[in-house]
>>> print(open('final.cif').read())   # mmCIF, C-alpha atoms
data_final
#
loop_
_atom_site.label_atom_id
_atom_site.label_comp_id
_atom_site.auth_asym_id
_atom_site.auth_seq_id
_atom_site.Cartn_x
_atom_site.Cartn_y
_atom_site.Cartn_z
CA LEU A 24 0.00 0.00 0.00
CA LEU A 25 2.80 2.43 0.89
CA THR A 26 4.59 1.83 -2.41
CA GLN A 27 1.37 2.53 -4.30
CA THR A 28 1.01 6.00 -2.77
CA ILE A 29 4.60 7.31 -2.86
CA SER A 30 6.28 5.23 -5.64
CA PRO A 31 9.84 5.18 -4.26
CA THR A 32 12.71 4.71 -6.71
CA ARG A 33 14.81 2.96 -4.05
CA ILE A 34 14.71 1.93 -0.43
CA LEU A 35 17.66 2.80 1.82
CA ASN A 36 17.88 0.44 4.82
CA ILE A 37 20.30 1.91 7.37
CA GLY A 38 21.17 0.97 10.93
CA ILE A 39 23.58 -0.87 13.17
CA ALA A 40 24.54 -4.54 13.00
CA GLY A 41 26.60 -7.22 14.65
CA ALA A 42 29.69 -8.59 12.89
CA TYR A 43 30.18 -12.35 12.70
CA PRO A 44 33.41 -13.94 13.93
CA ASP A 45 36.21 -13.89 11.33
CA SER A 46 34.29 -11.51 9.03
CA GLY A 47 37.11 -8.96 9.28
CA LEU A 48 34.64 -6.27 10.35
CA THR A 49 35.39 -4.01 13.32
CA ILE A 50 33.34 -1.89 15.73
CA GLY A 51 32.33 1.36 14.02
CA GLU A 52 33.09 0.09 10.51
CA VAL A 53 30.49 0.88 7.85
CA VAL A 54 29.44 -2.07 5.71
CA MET A 55 27.15 -2.41 2.72
CA GLY A 56 24.96 -5.45 2.16
CA GLU A 57 25.24 -7.24 -1.18
CA SER A 58 22.42 -9.60 -0.23
CA GLU A 59 20.40 -10.74 2.79
CA ILE A 60 19.36 -14.21 3.86
CA TYR A 61 16.90 -15.44 6.47
CA GLY A 62 19.24 -17.04 9.00
CA ASP A 63 17.15 -18.72 11.64
CA VAL A 64 14.26 -20.08 9.65
CA GLY A 65 14.53 -23.82 9.89
CA PHE A 66 14.00 -26.65 12.30
CA GLU A 67 15.75 -28.54 15.07
CA LEU A 68 16.43 -32.27 14.67
CA PRO A 69 16.80 -34.56 17.67
CA ALA A 70 19.71 -36.96 17.96
CA ALA A 71 18.42 -40.08 16.23
CA ALA A 72 19.71 -42.75 13.90
CA GLY A 73 20.68 -41.16 10.61
CA ASN A 74 20.02 -37.59 11.78
CA SER A 75 22.59 -34.90 12.25
CA PRO A 76 21.17 -33.33 15.44
CA GLY A 77 20.77 -29.60 15.93
CA PHE A 78 19.57 -26.66 13.89
CA GLN A 79 19.00 -27.28 10.18
CA SER A 80 18.43 -24.27 7.92
CA ILE A 81 15.37 -24.20 5.71
CA GLN A 82 17.73 -23.57 2.75
CA SER A 83 19.25 -27.03 3.17
CA SER A 84 15.87 -28.76 3.26
CA PRO A 85 13.43 -29.81 0.53
CA PHE A 86 11.01 -27.21 1.99
CA ALA A 87 13.08 -24.17 0.99
CA GLY A 88 10.89 -22.82 -1.80
CA GLU A 89 11.87 -19.80 -3.87
CA LEU A 90 11.91 -17.30 -0.99
CA TYR A 91 14.34 -19.24 1.20
CA SER A 92 16.46 -21.09 -1.36
CA GLN A 93 18.72 -18.16 -2.28
CA PRO A 94 19.87 -14.91 -0.64
CA LEU A 95 17.81 -11.85 -1.56
CA PRO A 96 19.95 -9.48 -3.68
CA LEU A 97 20.54 -5.87 -2.65
CA ALA A 98 21.57 -2.85 -4.73
CA LEU A 99 25.18 -1.73 -4.38
CA ASP A 100 24.36 1.92 -4.92
CA PRO A 101 27.64 3.71 -5.79
CA GLN A 102 26.56 6.83 -3.88
CA PHE A 103 26.62 4.89 -0.61
CA ARG A 104 29.60 2.66 -1.41
CA ARG A 105 32.23 5.40 -1.23
CA ALA A 106 33.74 6.25 2.12
CA SER A 107 35.41 9.46 3.24
CA LYS A 108 38.44 7.74 4.82
CA ARG A 109 39.08 5.08 2.15
CA ALA A 110 38.21 4.28 -1.44
CA SER A 111 35.19 2.11 -0.64
CA ILE A 112 33.38 0.39 2.20
CA SER A 113 33.24 -3.36 2.86
CA VAL A 114 30.56 -5.39 1.13
CA HIS A 115 29.15 -8.50 2.84
CA ARG A 116 26.03 -10.66 2.91
CA GLY A 117 23.71 -9.93 5.81
CA CYS A 118 21.92 -12.53 7.92
CA THR A 119 18.46 -11.65 9.21
CA VAL A 120 17.60 -13.33 12.49
CA ASN A 121 14.74 -13.14 14.96
CA ALA A 122 16.96 -14.34 17.80
CA CYS A 123 20.25 -12.43 18.14
CA THR A 124 23.38 -14.55 18.20
CA GLY A 125 24.47 -14.97 21.80
CA THR A 126 27.43 -17.35 21.67
CA GLU A 127 30.57 -17.62 19.59
CA ALA A 128 29.56 -21.14 18.51
CA THR A 129 26.26 -19.87 17.06
CA GLY A 130 28.03 -16.95 15.38
CA ILE A 131 30.52 -19.28 13.72
CA GLN A 132 27.73 -21.68 12.71
CA ARG A 133 25.70 -18.91 11.06
CA ARG A 134 28.75 -17.40 9.32
CA GLU A 135 29.74 -20.78 7.89
CA MET A 136 26.21 -21.97 7.11
CA PHE A 137 25.14 -18.83 5.26
CA GLY A 138 28.41 -17.19 4.14
CA VAL A 139 27.56 -13.96 5.98
CA GLY A 140 29.52 -11.09 7.46
CA PHE A 141 26.94 -9.27 9.57
CA GLU A 142 23.67 -9.81 11.42
CA SER A 143 20.53 -7.70 11.15
CA MET A 144 17.01 -8.09 12.43
CA GLU A 145 15.04 -6.91 9.38
CA GLY A 146 17.32 -6.78 6.33
CA ALA A 147 15.86 -9.79 4.49
CA ALA A 148 12.29 -8.65 5.09
CA ILE A 149 13.05 -5.24 3.56
CA ALA A 150 14.86 -6.91 0.64
CA GLN A 151 11.82 -9.13 0.16
CA VAL A 152 9.50 -6.08 -0.02
CA GLY A 153 11.84 -4.48 -2.55
CA ARG A 154 11.80 -7.63 -4.67
CA GLU A 155 8.01 -7.89 -4.44
CA TYR A 156 7.56 -4.29 -5.69
CA SER A 157 10.61 -4.13 -8.01
CA ILE A 158 12.24 -1.40 -5.92
CA PRO A 159 16.03 -1.58 -5.45
CA VAL A 160 17.07 -1.85 -1.78
CA CYS A 161 20.42 -0.52 -0.60
CA GLU A 162 21.54 -1.60 2.89
CA VAL A 163 24.17 0.36 4.83
CA ARG A 164 25.09 -0.66 8.39
CA ALA A 165 27.67 0.28 10.99
CA ILE A 166 29.06 -2.45 13.24
CA SER A 167 28.09 -1.99 16.90
CA ASN A 168 28.96 -5.41 18.33
CA PHE A 169 30.17 -8.89 17.50
CA ALA A 170 27.44 -11.45 16.83
CA ALA A 171 28.81 -13.92 19.33
CA ASP A 172 29.05 -13.05 23.01
CA ARG A 173 27.15 -9.77 22.34
CA ASP A 174 29.25 -7.08 23.99
CA MET A 175 26.64 -4.31 23.83
CA ARG A 176 28.57 -1.46 25.51
CA SER A 177 26.86 1.87 24.95
CA GLU A 178 30.13 3.41 23.69
CA ASN A 179 30.26 0.82 20.88
CA ILE A 180 26.70 1.62 19.83
CA ARG A 181 27.46 5.36 19.99
CA HIS A 182 30.63 4.85 17.90
CA ALA A 183 28.69 2.84 15.30
CA LEU A 184 25.95 5.48 15.06
CA GLU A 185 28.53 8.27 14.72
CA SER A 186 30.32 6.34 11.95
CA LEU A 187 27.03 5.76 10.14
CA ARG A 188 26.05 9.43 10.45
CA GLU A 189 29.47 10.55 9.15
CA HIS A 190 29.22 8.13 6.23
CA LEU A 191 25.72 9.26 5.24
CA ARG A 192 26.71 12.95 5.46
CA PHE A 193 29.71 12.27 3.22
CA CYS A 194 27.47 10.45 0.73
CA GLN A 195 25.17 13.48 0.52
CA THR A 196 28.07 15.68 -0.64
CA ILE A 197 28.98 13.47 -3.61
#
>>> encode(input="final.cif", output="structure tokens")
Amino acid sequence: LLTQTISPTRILNIGIAGAYPDSGLTIGEVVMGESEIYGDVGFELPAAAGNSPGFQSIQSSPFAGELYSQPLPLALDPQFRRASKRASISVHRGCTVNACTGTEATGIQRREMFGVGFESMEGAAIAQVGREYSIPVCEVRAISNFAADRDMRSENIRHALESLREHLRFCQTI
């Protein structure tokens, strides 16, 4: 309904995110999403004969369907890809979750299972809306924590928000 009344030419999804272990991302770093994937849609298997127990992603099951079988692509808008302190910002796949990663083991599992660099709470849903309405979605995030043991110090969040604000102001001057 919203897209019918204002007809946007693109959607800009901005915010903070958690970096996955070994992604190379650091607190305060600005990152751009190249795609988003739903990361905790799936099912848990019990330990039983022939089963690999634990979380199984929907993507690895015969139930995946079109929506869950592949990451949802995002637009790498050149206006938001340039950074004031270096030639370009990092580009990674985002992982949308409804339960934040709380342990290093889960962070490593999600990074390896989905090939992701950062964690968001709504990125895939926004990418899905963009796909549904043929509107390019550009995602720009600043890293505020590590998606593992979740060190959520207020100074890290403040640093991430300041980095994001600086990046967006720079992008406006291009």
>>> resolve_selection(input="final.cif", expression="the PyMOL selection byres ((chain A and resi 180-187) around 8)", output="PDB file with C-alpha atoms, in the frame of the given file")
ATOM      1  CA  GLY A  38      21.170   0.970  10.930  1.00  0.00           C
ATOM      2  CA  ILE A  39      23.580  -0.870  13.170  1.00  0.00           C
ATOM      3  CA  ILE A  50      33.340  -1.890  15.730  1.00  0.00           C
ATOM      4  CA  GLY A  51      32.330   1.360  14.020  1.00  0.00           C
ATOM      5  CA  GLU A  52      33.090   0.090  10.510  1.00  0.00           C
ATOM      6  CA  VAL A  53      30.490   0.880   7.850  1.00  0.00           C
ATOM      7  CA  ARG A 164      25.090  -0.660   8.390  1.00  0.00           C
ATOM      8  CA  ALA A 165      27.670   0.280  10.990  1.00  0.00           C
ATOM      9  CA  ILE A 166      29.060  -2.450  13.240  1.00  0.00           C
ATOM     10  CA  SER A 167      28.090  -1.990  16.900  1.00  0.00           C
ATOM     11  CA  ASN A 168      28.960  -5.410  18.330  1.00  0.00           C
ATOM     12  CA  MET A 175      26.640  -4.310  23.830  1.00  0.00           C
ATOM     13  CA  ARG A 176      28.570  -1.460  25.510  1.00  0.00           C
ATOM     14  CA  SER A 177      26.860   1.870  24.950  1.00  0.00           C
ATOM     15  CA  GLU A 178      30.130   3.410  23.690  1.00  0.00           C
ATOM     16  CA  ASN A 179      30.260   0.820  20.880  1.00  0.00           C
ATOM     17  CA  ARG A 188      26.050   9.430  10.450  1.00  0.00           C
ATOM     18  CA  GLU A 189      29.470  10.550   9.150  1.00  0.00           C
ATOM     19  CA  HIS A 190      29.220   8.130   6.230  1.00  0.00           C
ATOM     20  CA  LEU A 191      25.720   9.260   5.240  1.00  0.00           C
TER      21      LEU A 191
END
>>> atom_distance(input="final.cif", atom1="CA of Ile81 (chain A)", atom2="CA of Asp45 (chain A)")
23.9 Å
>>> closest_residue(input="final.cif", among="A:Cys161, A:Val114, A:Met136, A:Ile34", to="Ile60 (chain A)", atoms="all atoms listed in the file")
A:Met136
>>> atom_distance(input="final.cif", atom1="CA of Gly146 (chain A)", atom2="CA of Arg192 (chain A)")
21.9 Å
>>> atom_distance(input="final.cif", atom1="CA of Arg173 (chain A)", atom2="CA of Glu127 (chain A)")
9.0 Å
>>> closest_atom_pairs(input="final.cif", of="region 135-164 of chain A", to="region 119-126 of chain A", cutoff="12 Å", atoms="all atoms listed in the file", output="CSV")
residue,atom,partner,partner_atom,distance
A:Phe137,CA,A:Thr119,CA,10.6
A:Val139,CA,A:Thr119,CA,9.9
A:Gly140,CA,A:Thr119,CA,11.2
A:Phe141,CA,A:Thr119,CA,8.8
A:Glu142,CA,A:Thr119,CA,6.0
A:Ser143,CA,A:Thr119,CA,4.9
A:Met144,CA,A:Thr119,CA,5.0
A:Glu145,CA,A:Thr119,CA,5.8
A:Gly146,CA,A:Thr119,CA,5.8
A:Ala147,CA,A:Thr119,CA,5.7
A:Ala148,CA,A:Thr119,CA,8.0
A:Ile149,CA,A:Thr119,CA,10.1
A:Ala150,CA,A:Thr119,CA,10.4
A:Gln151,CA,A:Thr119,CA,11.5
>>> closest_residue(input="final.cif", among="A:Ile131, A:Ala106, A:Ala170, A:Ala98", to="Arg33 (chain A)", atoms="all atoms listed in the file")
A:Ala98
>>> resolve_selection(input="final.cif", expression="the PyMOL selection byres ((chain A and resi 77) around 9)", output="JSON, numbers by chain")
{"A": [66, 67, 68, 69, 70, 75, 76, 78, 79]}
>>> closest_residue(input="final.cif", among="A:Gly41, A:Gly117, A:Met55, A:Gly47", to="Pro101 (chain A)", atoms="all atoms listed in the file")
A:Met55
>>> closest_residue(input="final.cif", among="A:Ser83, A:Gly62, A:Tyr91, A:Val54", to="Arg134 (chain A)", atoms="all atoms listed in the file")
A:Gly62
>>> resolve_selection(input="final.cif", expression="the PyMOL selection byres ((chain A and resi 157) around 12)", output="MDAnalysis selection string")
chainID A and resid 26:27 30:34 96:98 149:156 158:160
>>> closest_residue(input="final.cif", among="A:Gln195, A:Thr28, A:Thr129, A:Ser80", to="Phe103 (chain A)", atoms="only C-alpha atoms")
A:Gln195
>>> closest_residue(input="final.cif", among="A:Cys118, A:Phe169, A:Ala128, A:Glu162", to="Pro94 (chain A)", atoms="only C-alpha atoms")
A:Cys118
>>> decode(input="final.cif", residues="region 138-151 of chain A", atoms="N, CA and C atoms", output="compact mmCIF listing (two decimals), in the first residue's frame")
# COMPACT_ATOMS: atom_id res chain seq x y z
N GLY A 138 27.41 -18.03 4.82
CA GLY A 138 28.41 -17.19 4.14
C GLY A 138 28.17 -15.71 4.38
N VAL A 139 27.95 -15.33 5.64
CA VAL A 139 27.56 -13.96 5.98
C VAL A 139 28.65 -13.23 6.75
N GLY A 140 28.56 -11.91 6.73
CA GLY A 140 29.52 -11.09 7.46
C GLY A 140 28.90 -10.34 8.61
N PHE A 141 27.58 -10.03 8.51
CA PHE A 141 26.94 -9.27 9.57
C PHE A 141 25.51 -9.76 9.81
N GLU A 142 24.98 -9.37 10.98
CA GLU A 142 23.67 -9.81 11.42
C GLU A 142 22.74 -8.61 11.56
N SER A 143 21.55 -8.73 11.00
CA SER A 143 20.53 -7.70 11.15
C SER A 143 19.24 -8.36 11.65
N MET A 144 18.28 -7.55 11.96
CA MET A 144 17.01 -8.09 12.43
C MET A 144 15.90 -7.98 11.37
N GLU A 145 16.12 -7.14 10.35
CA GLU A 145 15.04 -6.91 9.38
C GLU A 145 15.50 -6.83 7.94
N GLY A 146 16.77 -6.98 7.68
CA GLY A 146 17.32 -6.78 6.33
C GLY A 146 16.66 -7.63 5.25
N ALA A 147 16.45 -8.92 5.50
CA ALA A 147 15.86 -9.79 4.49
C ALA A 147 14.40 -9.43 4.23
N ALA A 148 13.69 -9.03 5.28
CA ALA A 148 12.29 -8.65 5.09
C ALA A 148 12.18 -7.41 4.21
N ILE A 149 13.07 -6.44 4.40
CA ILE A 149 13.05 -5.24 3.56
C ILE A 149 13.46 -5.59 2.13
N ALA A 150 14.46 -6.46 1.98
CA ALA A 150 14.86 -6.91 0.64
C ALA A 150 13.72 -7.64 -0.05
N GLN A 151 12.96 -8.40 0.72
CA GLN A 151 11.82 -9.13 0.16
C GLN A 151 10.74 -8.16 -0.34
